[in-house]
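See below for work-v3.pdb, which holds PDB, C-alpha atoms.
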ATOM      1  CA  MET E 679      95.096  38.095  21.912
ATOM      2  CA  PRO E 680      98.894  38.460  22.238
ATOM      3  CA  PRO E 681     100.439  41.056  24.535
ATOM      4  CA  ALA E 682     100.704  44.564  23.110
ATOM      5  CA  LYS E 683     104.100  45.758  21.967
ATOM      6  CA  GLY E 684     105.732  48.942  23.198
ATOM      7  CA  ARG E 685     103.677  49.249  26.402
ATOM      8  CA  GLY E 686     102.917  47.318  29.569
ATOM      9  CA  ALA E 687     101.882  44.010  28.042
ATOM     10  CA  TRP E 688     100.270  42.607  31.166
ATOM     11  CA  LEU E 689      97.938  43.648  33.936
ATOM     12  CA  VAL E 690      98.920  42.236  37.320
ATOM     13  CA  LEU E 691      96.502  42.111  40.262
ATOM     14  CA  ALA E 692      98.186  41.518  43.618
ATOM     15  CA  TYR E 693      96.046  41.420  46.739
ATOM     16  CA  GLN E 694      95.705  40.447  50.387
ATOM     17  CA  LEU E 695      92.371  39.634  52.009
ATOM     18  CA  PRO E 696      91.266  40.085  55.613
ATOM     19  CA  ALA E 697      90.422  37.018  57.668
ATOM     20  CA  ARG E 698      86.738  37.971  57.685
ATOM     21  CA  PRO E 699      84.315  37.459  56.128
ATOM     22  CA  PRO E 700      85.508  33.879  55.527
ATOM     23  CA  HIS E 701      83.610  33.483  52.250
ATOM     24  CA  LEU E 702      85.396  36.463  50.661
ATOM     25  CA  ARG E 703      88.414  34.408  49.593
ATOM     26  CA  VAL E 704      86.244  31.991  47.594
ATOM     27  CA  ARG E 705      84.204  34.865  46.168
ATOM     28  CA  ILE E 706      87.267  36.702  44.851
ATOM     29  CA  TRP E 707      88.702  33.457  43.465
ATOM     30  CA  ARG E 708      85.461  32.859  41.575
ATOM     31  CA  ARG E 709      85.485  36.406  40.214
ATOM     32  CA  LEU E 710      89.012  35.892  38.897
ATOM     33  CA  GLN E 711      87.994  32.611  37.284
ATOM     34  CA  GLN E 712      85.022  34.318  35.636
ATOM     35  CA  VAL E 713      87.245  36.929  33.951
ATOM     36  CA  GLY E 714      89.849  34.342  32.889
ATOM     37  CA  ALA E 715      92.802  35.612  34.955
ATOM     38  CA  ALA E 716      95.820  33.298  35.187
ATOM     39  CA  LEU E 717      97.408  32.551  38.556
ATOM     40  CA  ALA E 718     101.101  33.489  38.524
ATOM     41  CA  ARG E 719     101.785  33.143  42.238
ATOM     42  CA  ASN E 720      99.728  33.032  45.391
ATOM     43  CA  SER E 721      97.278  35.970  45.208
ATOM     44  CA  ILE E 722      98.917  37.353  42.055
ATOM     45  CA  TYR E 723      96.881  37.094  38.860
ATOM     46  CA  VAL E 724      97.573  38.309  35.324
ATOM     47  CA  LEU E 725      95.698  39.134  32.131
ATOM     48  CA  PRO E 726      96.774  40.714  28.835
ATOM     49  CA  ASP E 727      96.512  44.506  29.007
ATOM     50  CA  THR E 728      93.255  45.212  27.185
ATOM     51  CA  GLY E 729      90.460  47.637  27.972
ATOM     52  CA  GLU E 730      88.062  44.851  28.914
ATOM     53  CA  ALA E 731      90.597  43.092  31.148
ATOM     54  CA  ARG E 732      91.485  46.353  32.891
ATOM     55  CA  GLU E 733      87.823  47.033  33.588
ATOM     56  CA  ASP E 734      87.249  43.524  34.960
ATOM     57  CA  LEU E 735      90.288  43.641  37.243
ATOM     58  CA  GLU E 736      89.500  47.178  38.433
ATOM     59  CA  TRP E 737      86.073  45.924  39.444
ATOM     60  CA  ILE E 738      87.608  43.061  41.429
ATOM     61  CA  ARG E 739      90.213  45.370  42.993
ATOM     62  CA  ALA E 740      87.446  47.737  44.118
ATOM     63  CA  GLU E 741      85.538  44.843  45.674
ATOM     64  CA  ILE E 742      88.612  43.723  47.629
ATOM     65  CA  VAL E 743      89.253  47.245  48.919
ATOM     66  CA  ALA E 744      85.578  47.652  49.838
ATOM     67  CA  HIS E 745      85.980  44.633  52.139
ATOM     68  CA  ARG E 746      89.066  46.188  53.791
ATOM     69  CA  GLY E 747      91.536  44.137  51.817
ATOM     70  CA  GLN E 748      94.607  45.444  50.030
ATOM     71  CA  ALA E 749      94.893  45.280  46.250
ATOM     72  CA  SER E 750      97.070  46.832  43.549
ATOM     73  CA  LEU E 751      96.519  46.700  39.808
ATOM     74  CA  LEU E 752      99.772  47.213  37.926
ATOM     75  CA  GLU E 753     100.962  47.337  34.348
ATOM     76  CA  ALA E 754     103.984  45.169  33.605
ATOM     77  CA  SER E 755     106.026  44.479  30.507
ATOM     78  CA  ALA E 756     107.345  41.317  32.177
ATOM     79  CA  LEU E 757     106.835  39.279  35.336
ATOM     80  CA  ASP E 758     109.759  37.828  37.283
ATOM     81  CA  GLY E 759     110.145  34.137  36.586
ATOM     82  CA  TYR E 760     107.816  34.146  33.585
ATOM     83  CA  THR E 761     108.237  34.893  29.910
ATOM     84  CA  ASP E 762     105.374  36.166  27.760
ATOM     85  CA  LYS E 763     105.289  32.699  26.248
ATOM     86  CA  ASP E 764     104.856  31.145  29.706
ATOM     87  CA  LEU E 765     101.945  33.397  30.596
ATOM     88  CA  MET E 766     100.227  32.916  27.255
ATOM     89  CA  ALA E 767     100.632  29.164  27.620
ATOM     90  CA  GLN E 768      99.033  29.269  31.063
ATOM     91  CA  LEU E 769      96.061  31.275  29.786
ATOM     92  CA  ARG E 770      95.675  28.835  26.900
ATOM     93  CA  ALA E 771      95.904  25.807  29.193
ATOM     94  CA  ASP E 772      93.269  27.232  31.548
ATOM     95  CA  ARG E 773      90.812  27.847  28.714
ATOM     96  CA  ASP E 774      91.614  24.532  27.045
ATOM     97  CA  ALA E 775      90.708  22.725  30.254
ATOM     98  CA  GLU E 776      87.406  24.608  30.336
ATOM     99  CA  TYR E 777      86.585  23.844  26.707
ATOM    100  CA  ARG E 778      87.429  20.155  27.169
ATOM    101  CA  ALA E 779      85.249  19.902  30.272
ATOM    102  CA  PHE E 780      82.470  21.701  28.416
ATOM    103  CA  ILE E 781      82.698  19.289  25.451
ATOM    104  CA  LYS E 782      82.554  16.282  27.756
ATOM    105  CA  GLU E 783      79.485  17.641  29.541
ATOM    106  CA  ALA E 784      77.821  18.779  26.312
ATOM    107  CA  ARG E 785      77.845  15.243  24.927
ATOM    108  CA  ARG E 786      75.706  14.205  27.890
ATOM    109  CA  THR E 787      73.305  17.117  28.378
ATOM    110  CA  ARG E 788      72.343  18.137  24.803
ATOM    111  CA  GLY E 789      70.341  21.129  26.116
ATOM    112  CA  VAL E 790      71.073  23.752  23.461
ATOM    113  CA  ARG E 791      70.126  26.932  25.325
ATOM    114  CA  LYS E 792      72.165  26.045  28.389
ATOM    115  CA  LEU E 793      75.111  24.922  26.272
ATOM    116  CA  LYS E 794      75.183  28.177  24.321
ATOM    117  CA  GLU E 795      75.135  30.190  27.553
ATOM    118  CA  GLN E 796      77.993  28.160  29.013
ATOM    119  CA  LEU E 797      80.084  28.394  25.856
ATOM    120  CA  ALA E 798      79.543  32.148  25.526
ATOM    121  CA  ALA E 799      80.848  32.629  29.072
ATOM    122  CA  ILE E 800      84.049  30.700  28.301
ATOM    123  CA  VAL E 801      84.601  32.481  24.987
ATOM    124  CA  LYS E 802      84.301  35.872  26.677
ATOM    125  CA  ARG E 803      87.326  35.111  28.889
ATOM    126  CA  ASP E 804      89.376  33.443  26.150
ATOM    127  CA  TYR E 805      92.030  36.087  25.444
ATOM    128  CA  VAL E 806      94.308  33.763  23.470
ATOM    129  CA  ASN E 807      91.945  32.219  20.911
ATOM    130  CA  THR E 808      92.415  28.703  22.248
ATOM    131  CA  PRO E 809      92.219  26.103  19.431
ATOM    132  CA  SER E 810      89.800  23.846  21.323
ATOM    133  CA  ARG E 811      87.212  26.625  21.143
ATOM    134  CA  ARG E 812      86.547  25.545  17.545
ATOM    135  CA  ASP E 813      85.782  22.000  18.706
ATOM    136  CA  ALA E 814      83.308  23.311  21.262
ATOM    137  CA  GLU E 815      81.602  25.583  18.744
ATOM    138  CA  ARG E 816      81.313  22.792  16.188
ATOM    139  CA  LEU E 817      79.753  20.483  18.756
ATOM    140  CA  VAL E 818      77.130  23.038  19.783
ATOM    141  CA  ALA E 819      76.309  23.752  16.122
ATOM    142  CA  GLU E 820      75.940  20.007  15.519
ATOM    143  CA  ILE E 821      73.605  19.604  18.501
ATOM    144  CA  GLU E 822      71.573  22.603  17.380
ATOM    145  CA  ARG E 823      71.177  21.130  13.882
ATOM    146  CA  GLU E 824      70.144  17.759  15.260
ATOM    147  CA  HIS E 825      67.433  19.288  17.400
ATOM    148  CA  GLY E 826      66.301  21.920  14.904
ATOM    149  CA  HIS E 827      66.314  24.037  18.029
ATOM    150  CA  GLN E 828      64.384  27.286  18.392
ATOM    151  CA  LEU E 829      64.173  29.062  21.735
ATOM    152  CA  PRO E 830      60.570  29.324  22.916
ATOM    153  CA  ALA E 831      59.325  32.833  23.603
ATOM    154  CA  SER E 832      58.905  32.007  27.304
ATOM    155  CA  VAL E 833      62.665  31.935  27.955
ATOM    156  CA  GLU E 834      63.172  35.373  26.412
ATOM    157  CA  GLY E 835      61.343  37.262  29.158
ATOM    158  CA  PRO E 836      58.078  39.196  28.791
ATOM    159  CA  ARG E 837      57.861  42.112  26.342
ATOM    160  CA  LEU E 838      58.137  45.418  28.221
ATOM    161  CA  ARG E 839      56.352  48.743  27.648
ATOM    162  CA  THR E 840      58.484  51.852  27.275
ATOM    163  CA  ARG E 841      55.907  53.952  29.122
ATOM    164  CA  ASP E 842      56.688  52.022  32.308
ATOM    165  CA  PHE E 843      60.290  53.252  32.165
ATOM    166  CA  LYS E 844      59.788  56.988  31.625
ATOM    167  CA  GLY E 845      61.509  59.343  34.048
ATOM    168  CA  ARG E 846      63.797  56.660  35.475
ATOM    169  CA  VAL E 847      67.480  56.872  36.343
ATOM    170  CA  TRP E 848      69.544  54.133  34.699
ATOM    171  CA  LEU E 849      72.511  52.762  36.657
ATOM    172  CA  THR E 850      75.598  51.149  35.149
ATOM    173  CA  ARG E 851      79.287  50.517  35.856
ATOM    174  CA  PRO E 852      81.921  53.270  35.618
ATOM    175  CA  HIS E 853      84.195  53.798  32.601
ATOM    176  CA  PRO E 854      81.672  52.682  29.975
ATOM    177  CA  GLY E 855      82.671  50.622  26.946
ATOM    178  CA  ILE E 856      80.891  49.705  23.731
ATOM    179  CA  ASP E 857      77.966  47.780  25.250
ATOM    180  CA  ARG E 858      77.122  50.461  27.819
ATOM    181  CA  MET E 859      77.548  53.292  25.319
ATOM    182  CA  ALA E 860      75.274  51.605  22.786
ATOM    183  CA  SER E 861      72.751  50.535  25.436
ATOM    184  CA  ALA E 862      72.508  54.084  26.810
ATOM    185  CA  TRP E 863      71.971  55.376  23.269
ATOM    186  CA  LEU E 864      69.223  52.787  22.726
ATOM    187  CA  ILE E 865      67.538  53.811  25.983
ATOM    188  CA  ARG E 866      67.583  57.503  25.042
ATOM    189  CA  ARG E 867      66.380  57.010  21.473
ATOM    190  CA  PHE E 868      63.735  54.290  21.910
ATOM    191  CA  ILE E 869      62.753  54.068  25.590
ATOM    192  CA  ASP E 870      63.049  57.480  27.276
ATOM    193  CA  ALA E 871      64.483  60.531  25.501
ATOM    194  CA  ARG E 872      65.058  62.194  28.900
ATOM    195  CA  ALA E 873      66.688  59.214  30.587
ATOM    196  CA  LYS E 874      69.408  60.049  33.091
ATOM    197  CA  PHE E 875      72.422  57.863  33.824
ATOM    198  CA  THR E 876      74.488  57.269  36.942
ATOM    199  CA  PHE E 877      77.422  55.005  37.790
ATOM    200  CA  ALA E 878      78.382  52.563  40.549
ATOM    201  CA  GLY E 879      80.538  49.473  40.901
ATOM    202  CA  SER E 880      77.570  47.411  42.082
ATOM    203  CA  VAL E 881      73.835  47.806  42.624
ATOM    204  CA  PRO E 882      73.102  49.373  46.045
ATOM    205  CA  ALA E 883      71.167  46.895  48.166
ATOM    206  CA  ARG E 884      68.237  49.220  48.879
ATOM    207  CA  ASP E 885      68.141  51.148  45.620
ATOM    208  CA  ARG E 886      64.741  50.497  44.059
ATOM    209  CA  ARG E 887      64.471  53.717  42.076
ATOM    210  CA  SER E 888      67.214  53.210  39.500
ATOM    211  CA  VAL E 889      67.236  50.683  36.647
ATOM    212  CA  PRO E 890      70.574  48.812  36.492
ATOM    213  CA  PHE E 891      71.965  47.734  33.121
ATOM    214  CA  ASP E 892      75.124  45.974  31.954
ATOM    215  CA  MET E 893      75.938  44.903  35.499
ATOM    216  CA  ALA E 894      76.266  41.481  37.061
ATOM    217  CA  ASP E 895      73.062  39.529  37.690
ATOM    218  CA  VAL E 896      70.563  42.175  36.536
ATOM    219  CA  GLU E 897      67.564  41.977  34.224
ATOM    220  CA  PHE E 898      69.106  44.198  31.554
ATOM    221  CA  GLY E 899      72.481  42.542  31.209
ATOM    222  CA  HIS E 900      74.176  39.647  29.452
ATOM    223  CA  HIS E 901      71.872  36.655  29.058
ATOM    224  CA  GLY E 902      72.854  33.525  27.200
ATOM    225  CA  THR E 903      74.697  34.564  24.069
ATOM    226  CA  ARG E 904      73.322  38.118  24.174
ATOM    227  CA  CYS E 905      75.108  41.274  25.224
ATOM    228  CA  THR E 906      73.152  43.950  27.118
ATOM    229  CA  PHE E 907      72.282  45.887  23.952
ATOM    230  CA  GLU E 908      70.711  42.778  22.425
ATOM    231  CA  THR E 909      68.792  42.082  25.644
ATOM    232  CA  LEU E 910      67.274  45.569  25.593
ATOM    233  CA  VAL E 911      66.349  45.269  21.915
ATOM    234  CA  GLN E 912      64.568  41.986  22.568
ATOM    235  CA  ARG E 913      62.821  42.955  25.815
ATOM    236  CA  PHE E 914      61.423  46.223  24.416
ATOM    237  CA  GLY E 915      60.634  44.803  20.975
ATOM    238  CA  ILE E 916      62.707  47.368  19.077
ATOM    239  CA  ALA E 917      62.275  46.537  15.394
ATOM    240  CA  ASP E 918      64.040  49.456  13.676
ATOM    241  CA  ALA E 919      66.029  47.955  10.780
ATOM    242  CA  ALA E 920      68.998  50.279  11.385
ATOM    243  CA  VAL E 921      69.382  48.927  14.929
ATOM    244  CA  ARG E 922      70.184  45.403  13.774
ATOM    245  CA  PRO E 923      73.639  46.137  12.275
ATOM    246  CA  ILE E 924      74.511  48.125  15.401
ATOM    247  CA  ALA E 925      73.533  45.128  17.526
ATOM    248  CA  GLU E 926      75.806  42.920  15.434
ATOM    249  CA  ILE E 927      78.755  45.306  15.832
ATOM    250  CA  VAL E 928      78.220  45.644  19.581
ATOM    251  CA  HIS E 929      77.866  41.870  19.980
ATOM    252  CA  ASP E 930      81.162  41.070  18.255
ATOM    253  CA  LEU E 931      83.111  43.835  20.005
ATOM    254  CA  ASP E 932      81.737  43.200  23.478
ATOM    255  CA  LEU E 933      81.922  39.397  23.362
ATOM    256  CA  LYS E 934      85.207  39.362  21.412
ATOM    257  CA  GLU E 935      83.654  37.346  18.592
ATOM    258  CA  THR E 936      83.584  37.470  14.806
ATOM    259  CA  ARG E 937      80.119  35.936  14.577
ATOM    260  CA  PHE E 938      78.696  38.719  12.384
ATOM    261  CA  GLY E 939      81.939  40.086  10.954
ATOM    262  CA  ARG E 940      80.625  43.513  10.008
ATOM    263  CA  PRO E 941      83.390  45.581   8.356
ATOM    264  CA  GLU E 942      82.571  48.647  10.495
ATOM    265  CA  ALA E 943      83.330  46.822  13.751
ATOM    266  CA  VAL E 944      87.093  47.358  13.690
ATOM    267  CA  ALA E 945      86.783  51.128  13.228
ATOM    268  CA  VAL E 946      84.065  51.418  15.878
ATOM    269  CA  GLY E 947      86.202  49.424  18.298
ATOM    270  CA  ARG E 948      89.170  51.733  17.694
ATOM    271  CA  ILE E 949      87.036  54.835  18.280
ATOM    272  CA  VAL E 950      85.633  53.457  21.533
ATOM    273  CA  GLU E 951      89.097  52.534  22.811
ATOM    274  CA  GLY E 952      90.274  56.055  21.951
ATOM    275  CA  LEU E 953      87.392  57.580  23.871
ATOM    276  CA  ARG E 954      88.081  55.381  26.895
ATOM    277  CA  ALA E 955      91.732  56.413  26.884
ATOM    278  CA  SER E 956      90.719  60.064  27.357
ATOM    279  CA  LYS E 957      90.465  61.803  30.721
ATOM    280  CA  ALA E 958      86.726  62.327  30.367
ATOM    281  CA  SER E 959      84.421  61.708  33.315
ATOM    282  CA  ASP E 960      82.086  58.727  33.198
ATOM    283  CA  GLY E 961      79.170  60.928  32.175
ATOM    284  CA  GLU E 962      81.155  62.700  29.447
ATOM    285  CA  LEU E 963      82.504  59.396  28.172
ATOM    286  CA  LEU E 964      79.010  57.920  27.957
ATOM    287  CA  GLU E 965      77.659  60.948  26.088
ATOM    288  CA  ARG E 966      80.535  60.896  23.586
ATOM    289  CA  GLY E 967      80.012  57.201  22.985
ATOM    290  CA  MET E 968      76.293  57.765  22.460
ATOM    291  CA  ASN E 969      77.129  60.402  19.833
ATOM    292  CA  VAL E 970      79.256  57.840  17.984
ATOM    293  CA  ILE E 971      76.401  55.317  18.014
ATOM    294  CA  GLU E 972      73.931  57.973  16.839
ATOM    295  CA  ALA E 973      76.175  58.784  13.876
ATOM    296  CA  LEU E 974      76.417  55.074  13.089
ATOM    297  CA  TYR E 975      72.635  54.751  13.319
ATOM    298  CA  GLN E 976      72.076  57.645  10.905
ATOM    299  CA  SER E 977      74.476  56.119   8.407
ATOM    300  CA  PHE E 978      72.619  52.793   8.513
ATOM    301  CA  ARG E 979      69.249  54.543   8.158
ATOM    302  CA  ARG E 980      70.422  56.238   4.994
ATOM    303  CA  GLY E 981      71.982  53.047   3.739
TER     304      GLY E 981
END

Written as structure tokens, that's how I'd like the structure from this file.
Amino acid sequence: MPPAKGRGAWLVLAYQLPARPPHLRVRIWRRLQQVGAALARNSIYVLPDTGEAREDLEWIRAEIVAHRGQASLLEASALDGYTDKDLMAQLRADRDAEYRAFIKEARRTRGVRKLKEQLAAIVKRDYVNTPSRRDAERLVAEIEREHGHQLPASVEGPRLRTRDFKGRVWLTRPHPGIDRMASAWLIRRFIDARAKFTFAGSVPARDRRSVPFDMADVEFGHHGTRCTFETLVQRFGIADAAVRPIAEIVHDLDLKETRFGRPEAVAVGRIVEGLRASKASDGELLERGMNVIEALYQSFRRG
């Protein structure tokens, strides 16, 4: 997406890392690659100023600081030595290289499930709608048609019982967005009406009491082409017809896709961004978002 007008168009992460632990430098570099940040100068990375990008970079900044590094996340309308066109071109070139490498590998592997997971990860960090994305999507669709592919139930994970999750505390990242708001609503309505929620930047190493969701490398998170909301729906076998259109809206907003193209998605996205721009605490923000999803659910039930 192009930089916003009339505000800081870019987010700039500048950081310095301590000498130890030695693996931290590679770890932070990989994190920045995963979110699609473009390298402007040594240890200075940029992304368009969007809610999702801000959240991703804040998470990385917090990780650097937690390891006694120094990091600043700044808004900028311009970056010395670069025009907006230069930065957009760099983002596009980075994603184009990824799509091209993906296409080359896809022609050899032909494993549909793995290909769809890999492509979804690239699309999520494609802020500039790189043209070669269409080539990658067409190739995966062609492979899927050739194989008549259906995912076997075994790769979806076992069906879970809601009674095993009563009275639990659910843990997620701070400053919730659409996927966490909708997932929390789903948990309260279909899994545990008294569920409590707490927030942390990562899962504590010895925390076995809470249930993490919409965090990195957890059971209830993004898997393949699914967002967290879709994962929860599938794992708990939630079959309510009014949940399906919500899942489609959440999917497109969270993964920055137009796969389902529901007309309500734009308005819901605007409302969520407005909520996130408020000064509400994480708990208040989550509750307000859940109220929005509940209203949406009631409208679909009546429809």

Exercise. Check the smallest atom-to-atom distance from each of E:Ala973, E:Ala860, E:Asp892, E:Gly879 to Glu926 (chain E) using only C-alpha atoms, then report the winner.
Key: E:Ala860

Practice problem: Please indicate the distance in Å from CA of Ile865 (chain E) to CA of Ala943 (chain E), rounded to one decimal place. | Solution: 21.2 Å

Quiz prompt | Option closest in space to Leu931 (chain E), from E:Gly747, E:Gly899, E:Lys874, E:Glu730 [counting all atoms listed in the file] | solution =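 Closest residue, counting all atoms listed in the file: E:Glu730.
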
Quiz prompt | Nearest-residue call for Ser888 (chain E), choices E:Phe907, E:Phe868, E:Trp848, E:Trp688, using only C-alpha atoms | solution =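 Closest residue, counting only C-alpha atoms: E:Trp848.
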
Using only C-alpha atoms, what does the table of region 895-958 of chain E residues within 12 Å of region 837-844 of chain E look like, with each row giving the shortest atom pair and its distance in Å to one decimal, sorted by chain and ascending number, as JSON lines?
{"residue": "E:Glu897", "atom": "CA", "partner": "E:Leu838", "partner_atom": "CA", "distance": 11.7}
{"residue": "E:Phe898", "atom": "CA", "partner": "E:Leu838", "partner_atom": "CA", "distance": 11.5}
{"residue": "E:Thr909", "atom": "CA", "partner": "E:Arg837", "partner_atom": "CA", "distance": 11.0}
{"residue": "E:Leu910", "atom": "CA", "partner": "E:Leu838", "partner_atom": "CA", "distance": 9.5}
{"residue": "E:Val911", "atom": "CA", "partner": "E:Arg837", "partner_atom": "CA", "distance": 10.1}
{"residue": "E:Gln912", "atom": "CA", "partner": "E:Arg837", "partner_atom": "CA", "distance": 7.7}
{"residue": "E:Arg913", "atom": "CA", "partner": "E:Arg837", "partner_atom": "CA", "distance": 5.1}
{"residue": "E:Phe914", "atom": "CA", "partner": "E:Leu838", "partner_atom": "CA", "distance": 5.1}
{"residue": "E:Gly915", "atom": "CA", "partner": "E:Arg837", "partner_atom": "CA", "distance": 6.6}
{"residue": "E:Ile916", "atom": "CA", "partner": "E:Arg837", "partner_atom": "CA", "distance": 10.2}

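Here CA of Lys802 (chain E) and CA of Val713 (chain E) stand 7.9 Å from one another.
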
Exercise. Tell me which of E:Ala775, E:Leu797, E:Met968, E:Val690 sits closest to Ala756 (chain E), counting all atoms listed in the file.
Key: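 Of E:Ala775, E:Leu797, E:Met968, E:Val690, the one nearest Ala756 (chain E), counting all atoms listed in the file, is E:Val690.
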
Quiz prompt | Counting all atoms listed in the file, the option among E:Thr906, E:Leu695, E:Arg703, E:Phe780 closest to Lys792 (chain E) | solution =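 Ranked by minimum distance to Lys792 (chain E), first place goes to E:Phe780.
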
Quiz prompt | Nearest to Arg823 (chain E), chosen from E:Leu735, E:Ile971, E:Val790, E:Met893, with only C-alpha atoms counted in the distances | solution =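 Of the candidates, the smallest distance to Arg823 (chain E) is held by E:Val790.
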
Exercise. With the file shown as input, list the residues that the PyMOL selection byres ((chain E and resi 849) around 12) selects, as JSON, numbers by chain.
Key: {"E": [846, 847, 848, 850, 851, 852, 854, 858, 861, 862, 865, 873, 874, 875, 876, 877, 878, 879, 880, 881, 882, 885, 886, 887, 888, 889, 890, 891, 892, 893, 894, 896, 898, 899, 960, 961]}

Keeping C-alpha atoms, export the residues of the selection given above as a tab-separated table (two decimals), keeping the file's coordinate frame.
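Generated file (selection22.tsv):
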chain	number	residue	atom	x	y	z
E	846	ARG	CA	63.80	56.66	35.48
E	847	VAL	CA	67.48	56.87	36.34
E	848	TRP	CA	69.54	54.13	34.70
E	850	THR	CA	75.60	51.15	35.15
E	851	ARG	CA	79.29	50.52	35.86
E	852	PRO	CA	81.92	53.27	35.62
E	854	PRO	CA	81.67	52.68	29.98
E	858	ARG	CA	77.12	50.46	27.82
E	861	SER	CA	72.75	50.54	25.44
E	862	ALA	CA	72.51	54.08	26.81
E	865	ILE	CA	67.54	53.81	25.98
E	873	ALA	CA	66.69	59.21	30.59
E	874	LYS	CA	69.41	60.05	33.09
E	875	PHE	CA	72.42	57.86	33.82
E	876	THR	CA	74.49	57.27	36.94
E	877	PHE	CA	77.42	55.00	37.79
E	878	ALA	CA	78.38	52.56	40.55
E	879	GLY	CA	80.54	49.47	40.90
E	880	SER	CA	77.57	47.41	42.08
E	881	VAL	CA	73.83	47.81	42.62
E	882	PRO	CA	73.10	49.37	46.04
E	885	ASP	CA	68.14	51.15	45.62
E	886	ARG	CA	64.74	50.50	44.06
E	887	ARG	CA	64.47	53.72	42.08
E	888	SER	CA	67.21	53.21	39.50
E	889	VAL	CA	67.24	50.68	36.65
E	890	PRO	CA	70.57	48.81	36.49
E	891	PHE	CA	71.96	47.73	33.12
E	892	ASP	CA	75.12	45.97	31.95
E	893	MET	CA	75.94	44.90	35.50
E	894	ALA	CA	76.27	41.48	37.06
E	896	VAL	CA	70.56	42.18	36.54
E	898	PHE	CA	69.11	44.20	31.55
E	899	GLY	CA	72.48	42.54	31.21
E	960	ASP	CA	82.09	58.73	33.20
E	961	GLY	CA	79.17	60.93	32.17

Practice problem: With the file shown as input, list the residues that the PyMOL selection byres ((chain E and resi 808) around 9) selects, as a ChimeraX atom specification. | Solution: /E:769-771,773-774,777,804-807,809-812

Please write the residues from the selection above to a file, keeping C-alpha atoms, as a CSV table (one decimal), in the coordinates of the input.
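Contents of result_34.csv, freshly written:
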chain,number,residue,atom,x,y,z
E,769,LEU,CA,96.1,31.3,29.8
E,770,ARG,CA,95.7,28.8,26.9
E,771,ALA,CA,95.9,25.8,29.2
E,773,ARG,CA,90.8,27.8,28.7
E,774,ASP,CA,91.6,24.5,27.0
E,777,TYR,CA,86.6,23.8,26.7
E,804,ASP,CA,89.4,33.4,26.2
E,805,TYR,CA,92.0,36.1,25.4
E,806,VAL,CA,94.3,33.8,23.5
E,807,ASN,CA,91.9,32.2,20.9
E,809,PRO,CA,92.2,26.1,19.4
E,810,SER,CA,89.8,23.8,21.3
E,811,ARG,CA,87.2,26.6,21.1
E,812,ARG,CA,86.5,25.5,17.5

Exercise. Run the PyMOL selection byres ((chain E and resi 952) around 12) against the file shown and list the residues it catches, as an MDAnalysis selection string.
Key: chainID E and resid 729 855:856 945:951 953:958 963 966:967 970

Practice problem: Enter the distance from CA of Glu733 (chain E) to CA of Gln711 (chain E), in Å, rounded to one decimal. | Solution: 14.9 Å

Practice problem: With a distance cut-off of 9 Å and all atoms listed in the file, select the neighbouring residues of Arg732 (chain E), excluding the residue or stretch itself and same-chain residues fewer than 6 positions from it, and output the selection as a list in words. | Solution: Leu689, Leu725, Pro726 and Leu751 of chain E

Quiz prompt | Neighbours of point (96.2, 45.2, 46.8) within 7 Å, using all atoms listed in the file, written as a PyMOL selection string | solution = chain E and resi 692-694+747-750

Exercise. Would you list the contacts of Ala718 (chain E) as a PyMOL selection string, taking every protein, DNA or RNA residue within 10 Å and counting only C-alpha atoms, but skipping same-chain residues closer than 4 positions in sequence?
Key: chain E and resi 690-692+722-724+757-760+764-765+768
